[in-house]
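Peer 1: Sharing work24.json below, JSON, C-alpha atoms:
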[["chain", "number", "residue", "atom", "x", "y", "z"],
["A", 1, "LEU", "CA", 140.33, 79.36, 127.26],
["A", 2, "THR", "CA", 141.34, 82.66, 128.84],
["A", 3, "ASP", "CA", 143.29, 85.72, 127.74],
["A", 4, "ASP", "CA", 146.36, 84.24, 129.47],
["A", 5, "ILE", "CA", 146.97, 82.10, 126.38],
["A", 6, "GLY", "CA", 148.52, 85.22, 124.89],
["A", 7, "ASP", "CA", 151.35, 85.06, 127.43],
["A", 8, "LEU", "CA", 152.74, 81.85, 125.90],
["A", 9, "THR", "CA", 154.77, 83.74, 123.35],
["A", 10, "GLU", "CA", 157.20, 80.89, 122.61],
["A", 11, "LEU", "CA", 154.47, 78.59, 121.33],
["A", 12, "THR", "CA", 154.95, 77.23, 117.82],
["A", 13, "GLU", "CA", 152.01, 74.78, 117.87],
["A", 14, "LEU", "CA", 148.59, 75.16, 119.49],
["A", 15, "ILE", "CA", 146.15, 72.25, 119.22],
["A", 16, "LEU", "CA", 142.67, 72.94, 120.59],
["A", 17, "TYR", "CA", 140.39, 70.54, 118.73],
["A", 18, "ASN", "CA", 137.22, 69.13, 120.26],
["A", 19, "ASN", "CA", 137.16, 71.26, 123.40],
["A", 20, "GLY", "CA", 133.67, 72.78, 123.25],
["A", 21, "LEU", "CA", 135.18, 76.23, 122.71],
["A", 22, "THR", "CA", 132.81, 78.95, 121.52],
["A", 23, "ALA", "CA", 135.49, 81.62, 121.05],
["A", 24, "ILE", "CA", 139.25, 82.12, 120.86],
["A", 25, "PRO", "CA", 140.69, 85.04, 122.86],
["A", 26, "GLU", "CA", 141.98, 88.01, 120.88],
["A", 27, "THR", "CA", 145.27, 87.69, 122.77],
["A", 28, "ILE", "CA", 146.11, 84.82, 120.43],
["A", 29, "GLY", "CA", 147.51, 87.56, 118.23],
["A", 30, "ASN", "CA", 150.46, 87.77, 120.66],
["A", 31, "LEU", "CA", 151.68, 84.30, 119.63],
["A", 32, "GLN", "CA", 153.98, 85.56, 116.90],
["A", 33, "LYS", "CA", 156.00, 82.32, 116.68],
["A", 34, "LEU", "CA", 152.96, 80.13, 116.07],
["A", 35, "LYS", "CA", 153.32, 77.88, 113.01],
["A", 36, "ILE", "CA", 150.45, 75.45, 113.55],
["A", 37, "LEU", "CA", 146.98, 76.30, 114.88],
["A", 38, "ASP", "CA", 144.26, 73.64, 115.07],
["A", 39, "ILE", "CA", 140.81, 74.55, 116.44],
["A", 40, "THR", "CA", 138.93, 71.73, 114.71],
["A", 41, "SER", "CA", 135.55, 70.54, 116.01],
["A", 42, "ASN", "CA", 134.53, 73.37, 118.30],
["A", 43, "PRO", "CA", 131.26, 75.36, 118.06],
["A", 44, "ILE", "CA", 133.12, 78.56, 117.10],
["A", 45, "SER", "CA", 131.21, 80.95, 114.84],
["A", 46, "LEU", "CA", 133.66, 83.86, 114.66],
["A", 47, "LEU", "CA", 137.43, 83.84, 114.40],
["A", 48, "PRO", "CA", 139.36, 86.38, 116.49],
["A", 49, "ALA", "CA", 140.20, 89.50, 114.50],
["A", 50, "ARG", "CA", 143.83, 89.28, 115.59],
["A", 51, "ILE", "CA", 144.32, 85.88, 113.95],
["A", 52, "ILE", "CA", 145.64, 87.78, 110.92],
["A", 53, "GLU", "CA", 148.60, 88.90, 113.05],
["A", 54, "LEU", "CA", 149.93, 85.31, 113.17],
["A", 55, "THR", "CA", 152.15, 85.93, 110.17],
["A", 56, "ASN", "CA", 154.40, 82.91, 110.76],
["A", 57, "LEU", "CA", 151.46, 80.50, 110.61],
["A", 58, "GLU", "CA", 152.03, 77.64, 108.16],
["A", 59, "LYS", "CA", 149.08, 75.36, 108.91],
["A", 60, "LEU", "CA", 145.64, 76.53, 109.98],
["A", 61, "ASP", "CA", 142.84, 74.06, 110.65],
["A", 62, "ILE", "CA", 139.45, 75.58, 111.53],
["A", 63, "SER", "CA", 137.32, 72.72, 110.19],
["A", 64, "ASN", "CA", 134.07, 71.45, 111.68],
["A", 65, "ASN", "CA", 133.05, 74.62, 113.45],
["A", 66, "ASN", "CA", 130.20, 77.05, 112.77],
["A", 67, "ILE", "CA", 132.33, 79.76, 111.16],
["A", 68, "LEU", "CA", 130.33, 82.16, 109.00],
["A", 69, "VAL", "CA", 133.12, 84.25, 107.43],
["A", 70, "LEU", "CA", 136.87, 84.23, 107.02],
["A", 71, "PRO", "CA", 138.68, 87.44, 108.01],
["A", 72, "ASP", "CA", 138.84, 90.01, 105.21],
["A", 73, "ASN", "CA", 142.61, 90.21, 105.61],
["A", 74, "ILE", "CA", 143.32, 86.49, 105.78],
["A", 75, "GLY", "CA", 145.74, 87.19, 102.94],
["A", 76, "ASN", "CA", 148.14, 88.58, 105.57],
["A", 77, "LEU", "CA", 149.01, 84.98, 106.51],
["A", 78, "THR", "CA", 151.42, 84.69, 103.61],
["A", 79, "LYS", "CA", 153.37, 81.71, 105.01],
["A", 80, "LEU", "CA", 150.32, 79.44, 105.08],
["A", 81, "THR", "CA", 150.85, 76.23, 103.13],
["A", 82, "ARG", "CA", 147.70, 74.45, 104.35],
["A", 83, "LEU", "CA", 144.27, 75.88, 105.17],
["A", 84, "ASN", "CA", 141.41, 73.63, 106.18],
["A", 85, "ALA", "CA", 138.10, 75.46, 106.59],
["A", 86, "SER", "CA", 135.84, 72.53, 105.71],
["A", 87, "GLY", "CA", 132.63, 71.76, 107.55],
["A", 88, "ASN", "CA", 131.62, 75.33, 108.37],
["A", 89, "LEU", "CA", 128.93, 77.78, 107.24],
["A", 90, "LEU", "CA", 130.92, 79.85, 104.76],
["A", 91, "ILE", "CA", 128.97, 81.43, 101.90],
["A", 92, "THR", "CA", 131.75, 83.49, 100.28],
["A", 93, "LEU", "CA", 135.53, 83.85, 100.49],
["A", 94, "PRO", "CA", 137.44, 87.14, 100.88],
["A", 95, "GLU", "CA", 139.33, 88.46, 97.85],
["A", 96, "SER", "CA", 142.52, 88.54, 99.92],
["A", 97, "ILE", "CA", 142.64, 84.74, 99.95],
["A", 98, "GLY", "CA", 144.48, 85.09, 96.64],
["A", 99, "SER", "CA", 147.48, 86.54, 98.51],
["A", 100, "LEU", "CA", 148.21, 83.19, 100.20],
["A", 101, "ASN", "CA", 150.75, 82.39, 97.52],
["A", 102, "GLN", "CA", 152.54, 79.64, 99.48],
["A", 103, "LEU", "CA", 149.32, 77.64, 99.84],
["A", 104, "THR", "CA", 149.51, 74.08, 98.51],
["A", 105, "ASP", "CA", 146.43, 72.56, 100.17],
["A", 106, "LEU", "CA", 143.04, 74.27, 100.47],
["A", 107, "PHE", "CA", 140.07, 72.42, 101.92],
["A", 108, "LEU", "CA", 136.66, 74.13, 101.72],
["A", 109, "GLU", "CA", 134.27, 71.19, 101.39],
["A", 110, "TYR", "CA", 130.98, 71.00, 103.27],
["A", 111, "ASN", "CA", 130.21, 74.72, 103.38],
["A", 112, "GLN", "CA", 127.53, 76.82, 101.68],
["A", 113, "ILE", "CA", 129.86, 78.59, 99.23],
["A", 114, "ASN", "CA", 127.93, 79.91, 96.21],
["A", 115, "ALA", "CA", 130.64, 81.98, 94.50],
["A", 116, "LEU", "CA", 134.43, 82.09, 94.35],
["A", 117, "PRO", "CA", 136.56, 85.25, 94.17],
["A", 118, "THR", "CA", 138.53, 85.74, 90.96],
["A", 119, "SER", "CA", 141.65, 86.09, 93.11],
["A", 120, "LEU", "CA", 141.50, 82.37, 93.93],
["A", 121, "SER", "CA", 143.35, 81.64, 90.69],
["A", 122, "ASP", "CA", 146.33, 83.64, 92.04],
["A", 123, "LEU", "CA", 147.15, 80.64, 94.26],
["A", 124, "SER", "CA", 149.82, 79.48, 91.85],
["A", 125, "ASN", "CA", 151.33, 76.83, 94.16],
["A", 126, "LEU", "CA", 148.06, 75.05, 94.90],
["A", 127, "VAL", "CA", 148.29, 71.26, 94.57],
["A", 128, "LYS", "CA", 145.03, 70.16, 96.18],
["A", 129, "LEU", "CA", 141.73, 72.08, 96.08],
["A", 130, "SER", "CA", 138.65, 70.60, 97.70],
["A", 131, "LEU", "CA", 135.31, 72.36, 97.14],
["A", 132, "TYR", "CA", 132.84, 69.48, 97.15],
["A", 133, "ASN", "CA", 129.46, 69.75, 98.86],
["A", 134, "ASN", "CA", 128.95, 73.46, 98.37],
["A", 135, "LYS", "CA", 126.45, 75.47, 96.31],
["A", 136, "LEU", "CA", 128.59, 76.55, 93.35],
["A", 137, "GLU", "CA", 126.76, 77.14, 90.07],
["A", 138, "ILE", "CA", 129.61, 78.71, 88.09],
["A", 139, "LEU", "CA", 133.37, 79.13, 88.41],
["A", 140, "PRO", "CA", 135.41, 82.29, 87.74],
["A", 141, "ASP", "CA", 136.63, 82.68, 84.16],
["A", 142, "SER", "CA", 140.21, 82.54, 85.47],
["A", 143, "PHE", "CA", 139.72, 79.16, 87.14],
["A", 144, "GLY", "CA", 141.93, 77.29, 84.67],
["A", 145, "ALA", "CA", 145.06, 79.13, 85.83],
["A", 146, "PHE", "CA", 146.06, 76.55, 88.48],
["A", 147, "GLY", "CA", 149.24, 75.33, 86.81],
["A", 148, "LYS", "CA", 150.41, 73.06, 89.65],
["A", 149, "LEU", "CA", 147.05, 71.61, 90.69],
["A", 150, "PHE", "CA", 147.01, 67.79, 90.97],
["A", 151, "PHE", "CA", 143.73, 67.13, 92.80],
["A", 152, "LEU", "CA", 140.45, 69.01, 92.23],
["A", 153, "TYR", "CA", 137.21, 68.05, 93.95],
["A", 154, "LEU", "CA", 134.13, 69.93, 92.68],
["A", 155, "ASN", "CA", 131.57, 67.17, 93.12],
["A", 156, "ASN", "CA", 128.21, 67.69, 94.81],
["A", 157, "ASN", "CA", 127.70, 71.28, 93.78],
["A", 158, "GLN", "CA", 125.24, 72.86, 91.34],
["A", 159, "LEU", "CA", 127.64, 73.57, 88.49],
["A", 160, "ASN", "CA", 125.96, 73.97, 85.12],
["A", 161, "VAL", "CA", 128.96, 75.14, 83.08],
["A", 162, "LEU", "CA", 132.77, 75.11, 83.23],
["A", 163, "PRO", "CA", 134.97, 77.98, 82.01],
["A", 164, "ASP", "CA", 136.52, 77.66, 78.55],
["A", 165, "ASN", "CA", 140.08, 77.56, 79.95],
["A", 166, "PHE", "CA", 139.32, 74.68, 82.33],
["A", 167, "GLY", "CA", 141.66, 72.44, 80.34],
["A", 168, "ASN", "CA", 144.67, 74.66, 81.01],
["A", 169, "MET", "CA", 145.40, 72.84, 84.30],
["A", 170, "SER", "CA", 148.03, 70.68, 82.67],
["A", 171, "ASN", "CA", 149.18, 68.88, 85.84],
["A", 172, "LEU", "CA", 145.70, 67.83, 86.97],
["A", 173, "GLN", "CA", 145.55, 64.11, 87.79],
["A", 174, "ILE", "CA", 142.33, 63.67, 89.77],
["A", 175, "LEU", "CA", 139.11, 65.52, 88.83],
["A", 176, "TYR", "CA", 135.74, 64.97, 90.51],
["A", 177, "LEU", "CA", 132.80, 66.67, 88.78],
["A", 178, "ASN", "CA", 130.11, 64.16, 89.70],
["A", 179, "ASN", "CA", 126.73, 65.18, 91.12],
["A", 180, "ASN", "CA", 126.42, 68.56, 89.41],
["A", 181, "ASN", "CA", 124.12, 69.98, 86.72],
["A", 182, "LEU", "CA", 126.60, 70.00, 83.85],
["A", 183, "THR", "CA", 125.14, 69.66, 80.36],
["A", 184, "SER", "CA", 128.45, 69.83, 78.46],
["A", 185, "LEU", "CA", 132.21, 70.04, 78.88],
["A", 186, "PRO", "CA", 134.46, 72.72, 77.37],
["A", 187, "GLU", "CA", 136.55, 71.63, 74.40],
["A", 188, "SER", "CA", 139.70, 72.34, 76.40],
["A", 189, "ILE", "CA", 138.96, 69.35, 78.65],
["A", 190, "GLY", "CA", 140.86, 67.30, 76.07],
["A", 191, "ASN", "CA", 144.04, 69.16, 77.03],
["A", 192, "LEU", "CA", 144.18, 67.58, 80.49],
["A", 193, "ASP", "CA", 146.76, 65.06, 79.36],
["A", 194, "SER", "CA", 147.97, 64.26, 82.90],
["A", 195, "LEU", "CA", 144.47, 63.26, 84.03],
["A", 196, "GLU", "CA", 144.21, 59.79, 85.58],
["A", 197, "GLU", "CA", 140.73, 59.91, 87.17],
["A", 198, "LEU", "CA", 137.64, 61.74, 85.87],
["A", 199, "TRP", "CA", 134.34, 61.37, 87.73],
["A", 200, "LEU", "CA", 131.30, 62.64, 85.82],
["A", 201, "GLN", "CA", 128.38, 60.54, 87.04],
["A", 202, "ASN", "CA", 125.04, 62.11, 87.96],
["A", 203, "ASN", "CA", 125.17, 65.11, 85.65],
["A", 204, "GLU", "CA", 122.85, 66.01, 82.78],
["A", 205, "PHE", "CA", 124.92, 65.71, 79.62],
["A", 206, "VAL", "CA", 125.92, 63.50, 76.74],
["A", 207, "ILE", "CA", 129.68, 63.56, 76.26],
["A", 208, "SER", "CA", 130.97, 63.42, 72.72],
["A", 209, "SER", "CA", 133.96, 61.25, 71.94],
["A", 210, "ASP", "CA", 135.67, 64.32, 70.45],
["A", 211, "GLU", "CA", 135.74, 66.02, 73.84],
["A", 212, "ILE", "CA", 137.37, 63.27, 75.89],
["A", 213, "GLY", "CA", 139.21, 61.23, 73.30],
["A", 214, "SER", "CA", 141.84, 63.69, 72.20]]
In structure tokens, how does this file's structure come out?

Peer 2:
Amino acid sequence: LTDDIGDLTELTELILYNNGLTAIPETIGNLQKLKILDITSNPISLLPARIIELTNLEKLDISNNNILVLPDNIGNLTKLTRLNASGNLLITLPESIGSLNQLTDLFLEYNQINALPTSLSDLSNLVKLSLYNNKLEILPDSFGAFGKLFFLYLNNNQLNVLPDNFGNMSNLQILYLNNNNLTSLPESIGNLDSLEELWLQNNEFVISSDEIGS
């Protein structure tokens, strides 16, 4: 892929998956009308700095690459509704991710993420959050603020405790917490009255009937 890609200024969709690409030209920042960018399944380790100039982007799929970090200013992409960064080498997320306030779907599974920014809970329109197969031990205290969240996948991490306000996610329907190191659940878990599926296998606790029966 050459710098000439930046001349295609009328593009609204650019699909580049499975092409053996190791880099994306910086001229991609010229594609101001782009709404969908898919670079799935390429051995890319670094995103172009100018990707944050694609302010009309609605769907960004960078999954199954070797990406080490997301751009510090990824929060500039305020029209994003779907971000898939699964299957990479991410360890942390930038604080600015909390500015993606149109985001409904966020996929971060199969990374090496060991901590989440507190700003994540600012994603008030999030419906689906996938964080399984990472290295999370704790969640931010504000994690329970996802008022519209339906699907939450936290399985296959190293979680040993959940925040007290975890039960505030009143619309949650599907919750996977299996394969962690949890020894107890917060009392607020009983407030998840929309919950239809709860996966808890392969943890380290005894659950009292008071916690899940209310």

Peer 1: Dig up all the protein and nucleic acid residues within 10 Å of (137.8, 65.6, 83.1) in the file frame, using all atoms listed in the file, and format them as a list in words.

Peer 2: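 Looking at atoms near the point gives Phe166, Gly167, Leu172, Gln173, Ile174, Leu175, Tyr176, Leu177, Leu185, Pro186, Ser188, Ile189, Gly190, Asn191, Leu192, Asp193, Leu195, Glu196, Glu197, Leu198, Trp199, Leu200, Glu211 and Ile212 of chain A.
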
Peer 1: Restricting the calculation to all atoms listed in the file, which member of A:Thr12, A:Asp141, A:Phe150, A:Asn179 is positioned closest to A:Asp164?

Peer 2: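 That would be A:Asp141, the residue with the smallest distance to A:Asp164.
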
Peer 1: Neighbouring residues of A:Leu154 were defined as those with any atom within 12 Å, considering all atoms listed in the file; residues of the same chain fewer than 4 positions away were excluded. Please report them as a PyMOL selection string.

Peer 2: chain A and resi 107-110+113+128-139+158-160+162+174-182+198-200

Peer 1: Need the shell around A:Thr22: protein/DNA/RNA residues with any atom at most 7 Å away, counting all atoms listed in the file. Skip same-chain ones fewer than 2 positions apart. Format as a VMD selection string?

Peer 2: chain A and resid 20 42 to 44

Peer 1: Quick one: of A:Leu16, A:Val206, A:Leu34, A:Leu103, who's nearest to A:Asn56, counting all atoms listed in the file?

Peer 2: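 Closest to A:Asn56, using all atoms listed in the file: A:Leu34.
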
Peer 1: Give the answer as one residue: which of A:Asn65, A:Asn101, A:Ser41, A:Thr9 has the shortest atom-to-atom distance to A:Gly29, using only C-alpha atoms?

Peer 2: A:Thr9

Peer 1: Name the closest residue to A:Ile91 among the candidates A:Gln112, A:Asp105, A:Asp72, A:Ser119; distances are taken between atoms, counting only C-alpha atoms.

Peer 2: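 When distances to A:Ile91 are compared using only C-alpha atoms, the smallest one comes from A:Gln112.
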